[in-house]
>>> print(open('data.txt').read())   # compact mmCIF, C-alpha atoms
# COMPACT_ATOMS: atom_id res chain seq x y z
CA MET A 1 74.71 -50.65 7.09
CA VAL A 2 78.40 -51.28 7.56
CA LEU A 3 77.85 -51.35 11.29
CA LEU A 4 74.98 -53.79 10.85
CA ALA A 5 76.93 -56.06 8.57
CA GLY A 6 79.73 -56.05 11.12
CA LEU A 7 77.36 -57.02 13.91
CA ALA A 8 75.76 -59.77 11.96
CA MET A 9 79.09 -61.20 10.98
CA THR A 10 80.84 -61.03 14.33
CA SER A 11 78.13 -62.29 16.65
CA PRO A 12 78.07 -65.93 15.53
CA ALA A 13 81.85 -66.10 15.73
CA VAL A 14 81.80 -64.74 19.27
CA ALA A 15 79.10 -67.24 20.19
CA GLN A 16 81.16 -70.12 18.88
CA GLU A 17 84.09 -69.32 21.14
CA ALA A 18 82.26 -68.42 24.30
CA ALA A 19 79.29 -70.75 24.56
CA PRO A 20 78.87 -74.47 25.10
CA LYS A 21 77.07 -75.80 22.04
CA HIS A 22 73.91 -77.11 23.67
CA LYS A 23 73.15 -76.65 27.36
CA PRO A 24 72.30 -79.84 29.28
CA LEU A 25 68.57 -79.80 30.16
CA ALA A 26 69.26 -79.70 33.89
CA GLU A 27 71.12 -76.39 33.43
CA ASP A 28 69.04 -74.76 30.71
CA GLY A 29 67.05 -72.47 32.99
CA LEU A 30 63.71 -73.99 31.94
CA HIS A 31 63.79 -77.59 33.21
CA ASP A 32 63.70 -78.18 36.97
CA PRO A 33 66.63 -80.50 37.78
CA ASP A 34 64.86 -81.62 40.98
CA LEU A 35 62.00 -83.19 39.02
CA PRO A 36 62.35 -86.83 37.86
CA GLY A 37 61.29 -86.22 34.24
CA VAL A 38 64.28 -84.09 33.33
CA HIS A 39 66.67 -87.02 33.58
CA MET A 40 64.50 -89.18 31.33
CA LEU A 41 64.40 -86.71 28.45
CA GLN A 42 66.76 -86.66 25.50
CA GLU A 43 69.66 -84.18 25.64
CA PRO A 44 69.59 -81.77 22.66
CA GLY A 45 73.34 -82.08 22.13
CA ASP A 46 73.08 -85.86 21.66
CA VAL A 47 70.85 -85.33 18.62
CA LEU A 48 71.50 -81.87 17.23
CA GLY A 49 75.26 -82.28 17.52
CA HIS A 50 75.12 -84.95 14.80
CA LEU A 51 73.18 -82.88 12.24
CA PRO A 52 74.70 -80.45 9.67
CA ALA A 53 75.78 -77.37 11.63
CA THR A 54 75.06 -73.66 11.46
CA THR A 55 75.97 -70.93 13.93
CA SER A 56 72.54 -69.77 15.06
CA GLY A 57 69.18 -70.99 16.32
CA ASN A 58 69.36 -74.73 17.01
CA LEU A 59 72.82 -74.63 15.37
CA VAL A 60 71.39 -76.95 12.72
CA ASP A 61 70.95 -76.47 8.97
CA TRP A 62 67.51 -78.06 8.94
CA ASN A 63 67.04 -78.00 5.17
CA LYS A 64 70.36 -79.72 4.63
CA ALA A 65 69.52 -82.26 7.34
CA VAL A 66 66.43 -83.24 5.32
CA ARG A 67 68.07 -83.00 1.89
CA ASP A 68 71.02 -85.19 2.89
CA GLY A 69 68.80 -87.76 4.61
CA TYR A 70 69.90 -87.22 8.22
CA ILE A 71 66.24 -86.91 9.24
CA GLU A 72 62.95 -87.82 7.56
CA PRO A 73 60.21 -85.92 9.35
CA ARG A 74 56.69 -87.18 8.58
CA ALA A 75 54.56 -84.84 6.45
CA THR A 76 51.14 -86.06 7.54
CA LEU A 77 49.57 -87.77 10.51
CA LEU A 78 45.94 -87.92 9.48
CA ASP A 79 46.54 -88.74 5.80
CA ARG A 80 43.96 -86.28 4.58
CA GLY A 81 44.76 -86.18 0.90
CA GLU A 82 48.06 -85.52 -0.85
CA VAL A 83 50.76 -83.34 0.61
CA LYS A 84 51.22 -80.29 -1.63
CA THR A 85 54.58 -78.74 -2.46
CA LEU A 86 55.47 -75.96 -4.87
CA ASP A 87 58.78 -75.26 -6.61
CA LEU A 88 58.64 -71.49 -7.16
CA ASP A 89 61.16 -68.86 -6.09
CA ILE A 90 59.80 -65.42 -5.21
CA TYR A 91 62.03 -62.34 -5.36
CA LEU A 92 61.28 -59.46 -2.99
CA PRO A 93 63.25 -56.44 -4.23
CA ASN A 94 62.23 -53.60 -1.86
CA THR A 95 65.33 -54.01 0.22
CA GLY A 96 67.05 -50.61 0.04
CA ASP A 97 70.80 -51.11 0.04
CA ALA A 98 70.54 -54.70 1.29
CA LYS A 99 70.55 -57.52 -1.29
CA VAL A 100 67.28 -58.69 -2.84
CA VAL A 101 65.39 -61.38 -0.87
CA ARG A 102 64.86 -64.79 -2.48
CA PHE A 103 61.97 -66.73 -0.95
CA PRO A 104 62.07 -70.42 -1.94
CA HIS A 105 58.61 -72.05 -1.96
CA LEU A 106 60.08 -75.52 -2.32
CA GLU A 107 61.73 -75.84 1.10
CA HIS A 108 58.93 -73.91 2.79
CA SER A 109 56.16 -76.02 1.31
CA GLU A 110 57.98 -79.20 2.29
CA TRP A 111 57.89 -78.12 5.96
CA LEU A 112 54.67 -76.13 5.89
CA ASP A 113 51.15 -76.19 4.46
CA CYS A 114 50.04 -73.48 2.02
CA ASN A 115 47.44 -72.51 4.62
CA ASN A 116 50.17 -71.55 7.09
CA CYS A 117 51.03 -68.59 4.82
CA HIS A 118 48.06 -68.05 2.45
CA PRO A 119 45.90 -66.00 2.56
CA VAL A 120 47.33 -64.81 5.90
CA PRO A 121 49.91 -63.31 6.22
CA PHE A 122 50.83 -63.41 2.50
CA ALA A 123 48.65 -62.72 -0.55
CA GLU A 124 49.01 -65.31 -3.31
CA GLU A 125 50.37 -62.69 -5.66
CA VAL A 126 53.94 -61.50 -5.98
CA GLY A 127 54.37 -57.97 -4.67
CA ALA A 128 50.87 -57.73 -3.18
CA THR A 129 51.99 -57.96 0.46
CA PRO A 130 53.71 -54.79 1.68
CA MET A 131 56.25 -55.69 4.36
CA SER A 132 59.20 -53.98 5.96
CA MET A 133 62.18 -55.23 7.92
CA LEU A 134 60.89 -53.49 11.02
CA GLU A 135 57.62 -55.40 10.91
CA ILE A 136 59.52 -58.62 10.30
CA LEU A 137 61.72 -57.90 13.30
CA MET A 138 58.57 -57.32 15.35
CA GLY A 139 57.45 -60.86 14.55
CA GLU A 140 55.19 -60.35 11.56
CA TYR A 141 55.40 -61.87 8.05
CA CYS A 142 58.65 -63.86 7.75
CA GLY A 143 59.27 -63.03 11.44
CA ILE A 144 56.38 -65.23 12.58
CA CYS A 145 58.72 -68.21 12.15
CA HIS A 146 62.17 -66.70 11.65
CA GLY A 147 63.30 -65.68 15.11
CA ALA A 148 61.00 -68.15 16.87
CA VAL A 149 61.46 -71.60 15.30
CA ALA A 150 63.16 -71.23 11.88
CA PHE A 151 66.67 -69.67 11.67
CA PRO A 152 66.77 -66.26 13.38
CA LEU A 153 66.77 -62.80 11.79
CA THR A 154 70.42 -62.15 12.58
CA GLU A 155 71.19 -64.31 9.50
CA CYS A 156 70.61 -61.44 7.04
CA SER A 157 72.37 -63.07 4.10
CA ARG A 158 70.34 -66.28 4.09
CA CYS A 159 67.33 -64.14 3.01
CA HIS A 160 69.10 -61.18 1.39
CA SER A 161 71.01 -63.39 -1.00
CA VAL A 162 70.66 -61.98 -4.55
CA ASP A 163 72.53 -59.04 -6.10
CA TYR A 164 70.22 -56.42 -7.57
CA ASP A 165 71.75 -56.84 -11.04
CA ASP A 166 71.24 -60.60 -10.94
CA TYR A 167 67.66 -60.03 -9.83
CA LEU A 168 67.07 -57.80 -12.88
CA LYS A 169 68.42 -60.52 -15.16
CA ILE A 170 66.18 -63.16 -13.58
CA ARG A 171 63.18 -60.84 -13.83
CA ASP A 172 63.81 -60.11 -17.49
CA GLN A 173 64.18 -63.82 -18.21
CA GLN A 174 60.88 -64.55 -16.46
CA ARG A 175 59.14 -61.86 -18.52
CA ARG A 176 60.25 -63.39 -21.79
CA MET B 1 60.93 -49.47 -19.89
CA THR B 2 63.16 -51.65 -17.71
CA THR B 3 65.58 -48.81 -17.02
CA THR B 4 62.82 -46.49 -15.87
CA SER B 5 61.41 -48.93 -13.40
CA ARG B 6 64.87 -49.79 -12.18
CA SER B 7 65.74 -46.23 -11.26
CA VAL B 8 62.37 -45.77 -9.59
CA ILE B 9 62.81 -48.90 -7.52
CA SER B 10 66.38 -48.29 -6.52
CA SER B 11 66.25 -44.58 -5.66
CA GLY B 12 63.12 -44.86 -3.53
CA ALA B 13 64.10 -48.07 -1.89
CA GLU B 14 67.68 -47.05 -1.20
CA ARG B 15 66.58 -43.99 0.66
CA ALA B 16 64.20 -46.08 2.72
CA GLY B 17 66.97 -48.57 3.27
CA ARG B 18 69.38 -46.04 4.71
CA ARG B 19 66.77 -44.63 7.02
CA TRP B 20 65.98 -48.08 8.28
CA SER B 21 69.57 -49.14 8.61
CA ARG B 22 69.95 -46.72 11.47
CA ARG B 23 66.78 -47.86 13.18
CA LEU B 24 67.66 -51.47 12.58
CA ALA B 25 71.07 -50.95 14.10
CA VAL B 26 69.43 -49.61 17.24
CA LEU B 27 67.05 -52.58 17.31
CA LEU B 28 69.66 -55.19 16.62
CA LEU B 29 72.36 -53.91 18.93
CA PRO B 30 70.78 -55.27 22.12
CA LEU B 31 69.92 -58.48 20.28
CA ALA B 32 73.46 -59.09 19.13
CA VAL B 33 75.02 -58.17 22.46
CA ALA B 34 72.59 -59.74 24.90
CA LEU B 35 71.60 -62.80 22.89
CA PRO B 36 74.36 -63.85 20.55
CA PRO B 37 72.91 -66.79 18.64
CA GLY B 38 73.60 -70.06 20.38
CA THR B 39 74.36 -68.68 23.82
CA ALA B 40 70.76 -68.52 25.01
CA ASP B 41 70.45 -71.08 27.79
CA ALA B 42 67.60 -73.26 26.68
CA GLU B 43 67.34 -74.80 23.23
CA TYR B 44 66.06 -72.40 20.59
CA ALA B 45 62.26 -72.68 20.04
CA ASP B 46 61.52 -74.48 23.33
CA VAL B 47 57.99 -73.49 24.44
CA VAL B 48 56.93 -73.12 28.08
CA LEU B 49 53.19 -73.67 28.65
CA ASN B 50 51.99 -72.34 31.98
CA ARG B 51 48.53 -70.91 31.45
CA LEU B 52 46.97 -73.39 33.89
CA SER B 53 49.61 -75.78 35.19
CA GLU B 54 51.13 -73.89 38.08
CA ALA B 55 47.76 -72.62 39.30
CA ALA B 56 46.79 -76.32 39.53
CA ASP B 57 50.01 -77.18 41.41
CA MET B 58 51.65 -78.85 38.43
CA ALA B 59 55.06 -77.87 37.06
CA PRO B 60 54.84 -75.92 33.76
CA VAL B 61 54.95 -77.94 30.52
CA ILE B 62 57.99 -77.72 28.25
CA PHE B 63 57.42 -78.45 24.56
CA PRO B 64 60.66 -78.93 22.60
CA HIS B 65 60.27 -77.92 18.93
CA TRP B 66 63.71 -79.34 18.06
CA PHE B 67 62.75 -82.82 19.27
CA HIS B 68 59.44 -82.90 17.40
CA ARG B 69 60.68 -81.39 14.12
CA VAL B 70 63.23 -84.17 13.77
CA ARG B 71 60.18 -86.49 13.51
CA PHE B 72 57.39 -84.33 12.07
CA ARG B 73 57.09 -81.48 9.56
CA CYS B 74 55.59 -78.28 10.90
CA LYS B 75 52.43 -78.90 8.89
CA VAL B 76 51.54 -82.03 10.86
CA CYS B 77 50.90 -79.81 13.88
CA HIS B 78 50.22 -76.40 12.37
CA SER B 79 48.15 -77.09 9.25
CA ASP B 80 44.42 -76.43 9.53
CA SER B 81 43.81 -79.77 7.84
CA GLU B 82 45.94 -81.71 10.34
CA LEU B 83 46.20 -80.93 14.10
CA GLY B 84 45.59 -77.18 13.71
CA PHE B 85 47.89 -75.74 16.41
CA LYS B 86 47.78 -71.95 16.00
CA MET B 87 51.25 -70.47 15.46
CA ARG B 88 51.16 -68.29 18.49
CA VAL B 89 52.35 -69.25 21.92
CA GLY B 90 49.51 -69.25 24.44
CA ALA B 91 46.82 -69.16 21.74
CA ASN B 92 45.79 -72.83 21.91
CA PRO B 93 43.36 -73.60 24.73
CA MET B 94 45.03 -76.81 25.91
CA ASP B 95 44.05 -78.58 29.11
CA MET B 96 44.17 -82.21 30.25
CA GLN B 97 40.56 -82.91 29.32
CA ARG B 98 41.08 -81.82 25.71
CA LEU B 99 44.31 -83.80 25.57
CA GLN B 100 42.50 -86.91 26.84
CA GLU B 101 39.90 -86.45 24.12
CA GLY B 102 42.69 -86.72 21.55
CA GLU B 103 43.18 -83.03 20.78
CA TYR B 104 46.51 -81.14 20.68
CA CYS B 105 49.34 -83.16 22.28
CA GLY B 106 46.76 -85.92 22.89
CA ALA B 107 46.56 -86.64 19.14
CA CYS B 108 49.95 -88.36 19.47
CA HIS B 109 50.56 -88.85 23.20
CA ASN B 110 48.00 -91.63 23.43
CA GLY B 111 50.18 -94.72 23.79
CA GLN B 112 50.11 -95.29 20.03
CA ILE B 113 52.12 -92.69 18.13
CA ALA B 114 53.97 -91.66 21.29
CA TRP B 115 53.88 -92.58 25.00
CA GLY B 116 50.63 -91.75 26.77
CA LEU B 117 49.38 -89.06 29.09
CA GLU B 118 50.10 -91.07 32.24
CA ASN B 119 53.74 -89.92 31.96
CA CYS B 120 53.00 -86.61 33.66
CA GLU B 121 56.61 -85.85 34.54
CA LEU B 122 57.87 -85.97 30.94
CA CYS B 123 55.70 -82.99 29.98
CA HIS B 124 55.37 -81.20 33.33
CA SER B 125 59.11 -80.75 33.77
CA GLY B 126 59.57 -76.96 33.99
CA LYS B 127 60.59 -74.66 36.80
CA MET B 128 57.77 -73.08 38.78
CA GLY B 129 57.30 -69.39 38.05
CA LEU B 130 58.15 -69.49 34.35
CA PRO B 131 55.73 -67.52 32.15
CA THR B 132 54.23 -68.99 28.97
CA HIS B 133 56.73 -68.09 26.23
CA ILE B 134 59.05 -69.32 23.50
CA LYS B 135 62.85 -69.24 23.60
CA GLY B 136 64.13 -67.43 20.56
CA GLY B 137 66.48 -64.84 19.11
CA HIS B 138 63.46 -62.65 19.50
CA GLU B 139 59.88 -63.50 20.19
CA THR B 140 57.03 -63.14 17.78
CA SER B 141 53.58 -61.69 18.24
CA GLY B 142 52.92 -64.12 21.07
CA PRO B 143 53.22 -63.01 24.67
CA GLY B 144 56.99 -62.75 24.37
CA ARG B 145 59.11 -59.70 23.78
CA TRP B 146 62.61 -58.88 22.59
>>> encode(input="data.txt", output="structure tokens")
Amino acid sequence: MVLLAGLAMTSPAVAQEAAPKHKPLAEDGLHDPDLPGVHMLQEPGDVLGHLPATTSGNLVDWNKAVRDGYIEPRATLLDRGEVKTLDLDIYLPNTGDAKVVRFPHLEHSEWLDCNNCHPVPFAEEVGATPMSMLEILMGEYCGICHGAVAFPLTECSRCHSVDYDDYLKIRDQQRR
Amino acid sequence: MTTTSRSVISSGAERAGRRWSRRLAVLLLPLAVALPPGTADAEYADVVLNRLSEAADMAPVIFPHWFHRVRFRCKVCHSDSELGFKMRVGANPMDMQRLQEGEYCGACHNGQIAWGLENCELCHSGKMGLPTHIKGGHETSGPGRW
């Protein structure tokens, strides 16, 4: 665990020193600089460089970018009914000696539809979906998005964010 | 009551946690060394689509998530009640005919919401030989791998 924590904490710092922030498209290894289109596309750095920063993924704190009004992504194209959101935090406590996971419905349901997560891969009942970190790392459950599009799994503490004792207090409050 | 359940949770889970820590360390070591966040070449979450393109002598398509999520929430594309893109790279049977009929990218790239399909080179901009995949810290259950 100590080793892991060390890894997770040092790698972003290393990345900051060594790497250019956003590769130009012509050098990114995917776009072909000999094709005309590449020079007509927008450079990631010109946009992402102006949004609230993090040290992983797109190097952007996407929730903050929305909250602070930097971007206003549309929530519907077809206008089929109202857009549903839900303000409910879920605590997932089977985390061994890592901190308890807090899953915020609010931010997720602003980006995503309930049907992106319910009934697959998550049951609509707290504690009813058995999941492990290994499965998540293999791209299941939270790992469907985290590690592909949402912030990557190296950011342990953004999910494992609640001390066990605080979790117990919250749970007891909820029971009352 | 609370104390009992606490000790049950913590003793069982802690043991599991320590066992996993070691396995996780093994899994994460190559990740942290080979792909420190932010040093991957292409922008995180860029998708290469090359199921059909190269075989038809067109350059592979590059779909930038970062560019689109500045403008649209995920649910616009991925909700079943909107455009219905499956969240798995390679799982959506896209071709030019479907796009022309207004499906997938064609729901927006129609000259109304975004520029139209005549701008071949803006989508077909990838290097020949690239497999269909997503750029990430790791790849999910799609065709990608760690």
>>> residues_around(input="data.txt", residues="range 50-52 of chain B", least_positions_apart="2", cutoff="7 Å", atoms="all atoms listed in the file", output="NGL selection string")
:B and (48 or 54-56 or 60-61 or 131-132)
>>> interface_residues(input="data.txt", of="chain A", to="chain B", cutoff="6 Å", atoms="only C-alpha atoms", output="ChimeraX atom specification")
/A:1,4,11,15,19,28,30-32,37,56-58,73-76,94,96-97,111-113,139,144,147-149,152
>>> write_last_selection(input="data.txt", atoms="C-alpha atoms", output="compact mmCIF listing (two decimals), keeping the file's coordinate frame")
# COMPACT_ATOMS: atom_id res chain seq x y z
CA MET A 1 74.71 -50.65 7.09
CA LEU A 4 74.98 -53.79 10.85
CA SER A 11 78.13 -62.29 16.65
CA ALA A 15 79.10 -67.24 20.19
CA ALA A 19 79.29 -70.75 24.56
CA ASP A 28 69.04 -74.76 30.71
CA LEU A 30 63.71 -73.99 31.94
CA HIS A 31 63.79 -77.59 33.21
CA ASP A 32 63.70 -78.18 36.97
CA GLY A 37 61.29 -86.22 34.24
CA SER A 56 72.54 -69.77 15.06
CA GLY A 57 69.18 -70.99 16.32
CA ASN A 58 69.36 -74.73 17.01
CA PRO A 73 60.21 -85.92 9.35
CA ARG A 74 56.69 -87.18 8.58
CA ALA A 75 54.56 -84.84 6.45
CA THR A 76 51.14 -86.06 7.54
CA ASN A 94 62.23 -53.60 -1.86
CA GLY A 96 67.05 -50.61 0.04
CA ASP A 97 70.80 -51.11 0.04
CA TRP A 111 57.89 -78.12 5.96
CA LEU A 112 54.67 -76.13 5.89
CA ASP A 113 51.15 -76.19 4.46
CA GLY A 139 57.45 -60.86 14.55
CA ILE A 144 56.38 -65.23 12.58
CA GLY A 147 63.30 -65.68 15.11
CA ALA A 148 61.00 -68.15 16.87
CA VAL A 149 61.46 -71.60 15.30
CA PRO A 152 66.77 -66.26 13.38
>>> closest_residue(input="data.txt", among="B:Asp57, B:Leu49, B:Gly116, B:Phe63", to="Leu99 in chain B", atoms="all atoms listed in the file")
B:Gly116
>>> residues_around(input="data.txt", residues="Pro44 in chain A", least_positions_apart="3", cutoff="7 Å", atoms="all atoms listed in the file", output="list in words")
His22, Val47 and Leu48 of chain A
>>> decode(input="data.txt", residues="range 52-64 of chain B", atoms="all heavy atoms", output="tab-separated table (two decimals), in the first residue's frame")
chain	number	residue	atom	x	y	z
B	52	LEU	N	-13.35	-0.40	-41.21
B	52	LEU	CA	-13.62	-0.50	-42.64
B	52	LEU	C	-12.78	0.46	-43.47
B	52	LEU	O	-12.54	0.23	-44.66
B	52	LEU	CB	-15.10	-0.17	-42.92
B	52	LEU	CG	-16.15	-0.94	-42.10
B	52	LEU	CD1	-17.52	-0.30	-42.28
B	52	LEU	CD2	-16.17	-2.40	-42.52
B	53	SER	N	-12.36	1.56	-42.87
B	53	SER	CA	-11.77	2.66	-43.64
B	53	SER	C	-10.58	2.22	-44.49
B	53	SER	O	-10.58	2.38	-45.70
B	53	SER	CB	-11.34	3.79	-42.71
B	53	SER	OG	-12.47	4.30	-42.05
B	54	GLU	N	-9.57	1.68	-43.83
B	54	GLU	CA	-8.33	1.39	-44.55
B	54	GLU	C	-8.55	0.34	-45.64
B	54	GLU	O	-8.00	0.45	-46.74
B	54	GLU	CB	-7.25	0.93	-43.57
B	54	GLU	CG	-5.90	0.84	-44.22
B	54	GLU	CD	-4.76	0.80	-43.21
B	54	GLU	OE1	-5.01	1.16	-42.03
B	54	GLU	OE2	-3.65	0.43	-43.61
B	55	ALA	N	-9.40	-0.64	-45.36
B	55	ALA	CA	-9.70	-1.66	-46.36
B	55	ALA	C	-10.35	-1.03	-47.58
B	55	ALA	O	-10.29	-1.57	-48.69
B	55	ALA	CB	-10.62	-2.72	-45.76
B	56	ALA	N	-10.98	0.15	-47.40
B	56	ALA	CA	-11.61	0.86	-48.52
B	56	ALA	C	-10.72	2.01	-48.99
B	56	ALA	O	-11.19	2.97	-49.60
B	56	ALA	CB	-12.98	1.37	-48.11
B	57	ASP	N	-9.42	1.94	-48.68
B	57	ASP	CA	-8.45	2.95	-49.11
B	57	ASP	C	-8.69	4.34	-48.56
B	57	ASP	O	-8.31	5.33	-49.18
B	57	ASP	CB	-8.39	3.03	-50.65
B	57	ASP	CG	-7.45	1.96	-51.20
B	57	ASP	OD1	-6.54	1.54	-50.45
B	57	ASP	OD2	-7.66	1.54	-52.35
B	58	MET	N	-9.37	4.43	-47.41
B	58	MET	CA	-9.51	5.72	-46.76
B	58	MET	C	-8.66	5.70	-45.49
B	58	MET	O	-8.50	4.66	-44.86
B	58	MET	CB	-10.97	5.97	-46.35
B	58	MET	CG	-11.93	6.27	-47.49
B	58	MET	SD	-11.57	7.81	-48.37
B	58	MET	CE	-12.07	9.06	-47.18
B	59	ALA	N	-8.15	6.87	-45.10
B	59	ALA	CA	-7.40	6.95	-43.84
B	59	ALA	C	-8.36	6.64	-42.68
B	59	ALA	O	-9.55	6.95	-42.77
B	59	ALA	CB	-6.82	8.34	-43.68
B	60	PRO	N	-7.88	6.05	-41.60
B	60	PRO	CA	-8.73	5.80	-40.43
B	60	PRO	C	-9.35	7.09	-39.89
B	60	PRO	O	-8.80	8.17	-40.08
B	60	PRO	CB	-7.77	5.20	-39.40
B	60	PRO	CG	-6.60	4.72	-40.16
B	60	PRO	CD	-6.51	5.56	-41.40
B	61	VAL	N	-10.50	6.95	-39.22
B	61	VAL	CA	-11.20	8.09	-38.64
B	61	VAL	C	-10.68	8.34	-37.23
B	61	VAL	O	-10.46	7.39	-36.48
B	61	VAL	CB	-12.71	7.81	-38.59
B	61	VAL	CG1	-13.46	8.89	-37.80
B	61	VAL	CG2	-13.29	7.69	-40.00
B	62	ILE	N	-10.49	9.60	-36.87
B	62	ILE	CA	-10.14	9.92	-35.48
B	62	ILE	C	-11.26	10.75	-34.85
B	62	ILE	O	-11.61	11.81	-35.35
B	62	ILE	CB	-8.80	10.66	-35.38
B	62	ILE	CG1	-7.72	9.72	-35.93
B	62	ILE	CG2	-8.50	11.04	-33.93
B	62	ILE	CD1	-6.34	10.27	-35.89
B	63	PHE	N	-11.82	10.19	-33.78
B	63	PHE	CA	-12.91	10.87	-33.05
B	63	PHE	C	-12.35	11.42	-31.74
B	63	PHE	O	-11.96	10.66	-30.85
B	63	PHE	CB	-14.05	9.89	-32.76
B	63	PHE	CG	-15.07	10.49	-31.82
B	63	PHE	CD1	-16.02	11.38	-32.29
B	63	PHE	CD2	-15.05	10.19	-30.47
B	63	PHE	CE1	-16.93	11.96	-31.42
B	63	PHE	CE2	-15.96	10.76	-29.59
B	63	PHE	CZ	-16.90	11.65	-30.07
B	64	PRO	N	-12.29	12.74	-31.59
B	64	PRO	CA	-11.77	13.32	-30.36
B	64	PRO	C	-12.87	13.52	-29.30
B	64	PRO	O	-13.74	14.37	-29.48
B	64	PRO	CB	-11.21	14.67	-30.82
B	64	PRO	CG	-12.01	15.04	-32.04
B	64	PRO	CD	-12.62	13.78	-32.60
